[in-house]
Amino acid sequence: MGPSLLQTLALLVFQALIIASCAKSGPKNSNLFREYLGAEFKQVTFSDVPINSGVEFHYILSFAIDYTTASSSPSPTNGKFNVFWDTDNLSPGAVAGIKAKHPNVKVALSLGGDSVGDGESAFFDPSSPETWISNAVSSLTQIIQEYNLDGIDVDYEHFKTEPDTFARCVGQLITALKKNGVVSFASIAPFDDEEVQRHYMALWKGYGDLIDYVNFQFYAYDEGTTVAQFLRYFDEQSGNYGGGKVLPSFISDGSGGLAPDGGFFTACSKLKSEGRLYGIFVWCADDSKGLGFKYEKQSQALLAISH
């Protein structure tokens with residue numbers, strides 16, 4: 001005898017509840033917009049960037065680096081971070097001003113970056129991991145409190161240590177800053193490079209529960225990336241950083257990945273329809289200034305739409 005209609009209906013209801021429960025447990029669409037600024041010294045200010053009141057807006061100051069500040073021959077400092085962004089235009093007072101004017105704004109700093117000084121690669125290169133952790137917690141706490149910042153982003157792109165050392169140092173740094181109430185969120189900024197991925201995936205494996213966002217540099221893929229390719233890349237990286245909020249991204253001038261005028265917003269609309277658009281981030285405001293920030297406006301308009 002087959003199942004009764006009542007039994008069949010009960011099974012369907014049970015399955016629907018399971019699906020709804022799974023959907024609630026994972027990341028969902030977000031109105032988060034994030035933008036890096038200050039690395040290229042093009043005199044961009046916080047107020048230059050249009051801010052949509054319908055989004056959560058994160059500025060990311062670029063960069064704080066654990067190197068000496070001598071431009072001719074900077075050297076690693078074993079975790080003693082210095083500010084390398086455009087402090088003339090992006091000062092503590094400027095941070096206070098933009099946050100007072102826009103309650104939806106938070107400001108973070110990013111660690112590392114590609115280069116330091118006159119273009120030398122900025123390596124993650126602790127001479128003593130335990131001392132690096134102590135120095136990093138102390139120096140970054142000072143900078144974050146001076147600037148009244150809200151979070152950190154990790155964007156090391158070159159390494160002189162094994163992935164496990166990177167994971168332990170950076171993971172314990174994030175742990176301490178969060179535990180001490182110095183920051184309320186943390187993100188990482190990997191890209192599709194074997195060495196880079198080895199380091200960040202080790203960090204994710206050990207400390208992923210402390211990392212709020214994955215600013216994956218999708219613009220590091222080849223210029224001319226198609227919408228279909230981008231969506232495959234997004235699926236791949238969502239698998240690599242399982243359970244994480246992987247954010248789509250573009251570079252302002254369209255010189256890599258899926259360009260903002262080449263289908264990026266089509267891809268984001270597709271992700272949003274699937275409940276997988278956890279935010280958007282942009283590299284960078286310094287370059288967008290000359291373009292009138294048109295893609296920042298378009299990004300925020302998409303994120304502000306609720307459905």
# chains A, B, ... in the order shown; residues from 1 in each chain; ligands from 1
>>> residues_around(residues="Leu32 in chain A", least_positions_apart="4", cutoff="12 Å", atoms="only C-alpha atoms", output="ChimeraX atom specification")
/A:28,51-59,104-106,212-213,215,245-248,277-282,299-305
>>> residues_around(residues="Ala259 in chain A", least_positions_apart="6", cutoff="12 Å", atoms="only C-alpha atoms", output="MDAnalysis selection string")
chainID A and resid 218:227 230 248:253 265:268 282:283 295
>>> closest_residue(among="A:Val83, A:Ala96, A:Leu109, A:Ala285", to="Thr45 in chain A", atoms="only C-alpha atoms")
A:Ala285
>>> select_by_dssp(residues="range 113-149 of chain A", states="strand (DSSP E)", output="JSON, numbers by chain")
{"A": [113, 115, 116, 120, 121, 123, 124]}
>>> write_last_selection(atoms="C-alpha atoms", output="compact mmCIF listing (two decimals), in the first residue's frame")
# COMPACT_ATOMS: atom_id res chain seq x y z
CA GLY A 113 49.68 44.83 0.03
CA SER A 115 54.70 46.53 -2.53
CA VAL A 116 56.44 48.97 -0.22
CA GLU A 120 59.80 46.50 -3.60
CA SER A 121 57.65 43.48 -2.79
CA PHE A 123 56.90 40.21 2.23
CA PHE A 124 55.37 38.53 5.21
>>> residues_around(residues="Tyr67 in chain A", least_positions_apart="3", cutoff="6 Å", atoms="only C-alpha atoms", output="list in words")
Pro74, Ser75, Pro76 and Thr77 of chain A
>>> decode(residues="range 165-178 of chain A", atoms="all heavy atoms", output="short mmCIF file (atom, residue, chain, number, x, y, z; two decimals), in the first residue's frame")
data_model
loop_
_atom_site.label_atom_id
_atom_site.label_comp_id
_atom_site.auth_asym_id
_atom_site.auth_seq_id
_atom_site.Cartn_x
_atom_site.Cartn_y
_atom_site.Cartn_z
N THR A 165 53.00 28.98 9.50
CA THR A 165 53.48 30.13 10.29
C THR A 165 52.63 31.36 10.02
O THR A 165 52.26 32.10 10.94
CB THR A 165 54.96 30.42 9.96
OG1 THR A 165 55.74 29.26 10.25
CG2 THR A 165 55.48 31.60 10.76
N PHE A 166 52.32 31.59 8.76
CA PHE A 166 51.44 32.70 8.39
C PHE A 166 50.09 32.57 9.09
O PHE A 166 49.58 33.53 9.68
CB PHE A 166 51.26 32.73 6.87
CG PHE A 166 50.27 33.75 6.38
CD1 PHE A 166 50.57 35.11 6.39
CD2 PHE A 166 49.03 33.35 5.87
CE1 PHE A 166 49.66 36.06 5.92
CE2 PHE A 166 48.12 34.29 5.40
CZ PHE A 166 48.43 35.64 5.43
N ALA A 167 49.53 31.36 9.04
CA ALA A 167 48.22 31.12 9.66
C ALA A 167 48.27 31.38 11.16
O ALA A 167 47.37 32.03 11.71
CB ALA A 167 47.77 29.69 9.36
N ARG A 168 49.30 30.90 11.81
CA ARG A 168 49.38 31.07 13.27
C ARG A 168 49.56 32.54 13.64
O ARG A 168 48.88 33.04 14.53
CB ARG A 168 50.54 30.23 13.82
CG ARG A 168 50.72 30.36 15.34
CD ARG A 168 51.56 29.23 15.89
NE ARG A 168 52.90 29.20 15.35
CZ ARG A 168 53.95 29.81 15.89
NH1 ARG A 168 53.80 30.52 17.00
NH2 ARG A 168 55.14 29.73 15.33
N CYS A 169 50.47 33.22 12.96
CA CYS A 169 50.73 34.63 13.29
C CYS A 169 49.50 35.50 13.04
O CYS A 169 49.05 36.24 13.93
CB CYS A 169 51.91 35.15 12.47
SG CYS A 169 53.52 34.50 12.96
N VAL A 170 48.96 35.43 11.84
CA VAL A 170 47.83 36.28 11.49
C VAL A 170 46.58 35.85 12.25
O VAL A 170 45.79 36.69 12.71
CB VAL A 170 47.60 36.27 9.97
CG1 VAL A 170 46.34 37.06 9.62
CG2 VAL A 170 48.81 36.86 9.25
N GLY A 171 46.39 34.55 12.39
CA GLY A 171 45.23 34.06 13.14
C GLY A 171 45.24 34.52 14.58
O GLY A 171 44.20 34.94 15.12
N GLN A 172 46.39 34.46 15.22
CA GLN A 172 46.47 34.90 16.62
C GLN A 172 46.36 36.42 16.72
O GLN A 172 45.85 36.94 17.72
CB GLN A 172 47.75 34.38 17.26
CG GLN A 172 47.72 32.87 17.46
CD GLN A 172 48.85 32.36 18.35
OE1 GLN A 172 49.40 33.08 19.16
NE2 GLN A 172 49.20 31.09 18.18
N LEU A 173 46.84 37.13 15.71
CA LEU A 173 46.65 38.59 15.68
C LEU A 173 45.16 38.93 15.65
O LEU A 173 44.68 39.75 16.45
CB LEU A 173 47.36 39.18 14.46
CG LEU A 173 47.03 40.64 14.13
CD1 LEU A 173 47.46 41.58 15.24
CD2 LEU A 173 47.66 41.04 12.79
N ILE A 174 44.42 38.33 14.72
CA ILE A 174 42.99 38.59 14.62
C ILE A 174 42.28 38.20 15.91
O ILE A 174 41.42 38.93 16.42
CB ILE A 174 42.38 37.83 13.42
CG1 ILE A 174 42.96 38.36 12.10
CG2 ILE A 174 40.86 37.95 13.42
CD1 ILE A 174 42.56 37.53 10.88
N THR A 175 42.67 37.04 16.46
CA THR A 175 42.07 36.58 17.72
C THR A 175 42.24 37.62 18.82
O THR A 175 41.28 37.97 19.52
CB THR A 175 42.72 35.25 18.17
OG1 THR A 175 42.50 34.25 17.16
CG2 THR A 175 42.14 34.77 19.48
N ALA A 176 43.46 38.13 18.97
CA ALA A 176 43.73 39.10 20.04
C ALA A 176 42.99 40.41 19.81
O ALA A 176 42.40 40.97 20.76
CB ALA A 176 45.23 39.35 20.13
N LEU A 177 42.99 40.92 18.58
CA LEU A 177 42.33 42.19 18.31
C LEU A 177 40.81 42.10 18.54
O LEU A 177 40.19 43.03 19.06
CB LEU A 177 42.62 42.64 16.89
CG LEU A 177 44.07 43.04 16.58
CD1 LEU A 177 44.22 43.43 15.12
CD2 LEU A 177 44.55 44.18 17.48
N LYS A 178 40.23 40.98 18.18
CA LYS A 178 38.80 40.80 18.42
C LYS A 178 38.51 40.59 19.91
O LYS A 178 37.58 41.18 20.48
CB LYS A 178 38.26 39.63 17.61
CG LYS A 178 38.04 39.94 16.13
CD LYS A 178 37.15 38.92 15.47
CE LYS A 178 36.58 39.44 14.15
NZ LYS A 178 35.60 38.53 13.55
#
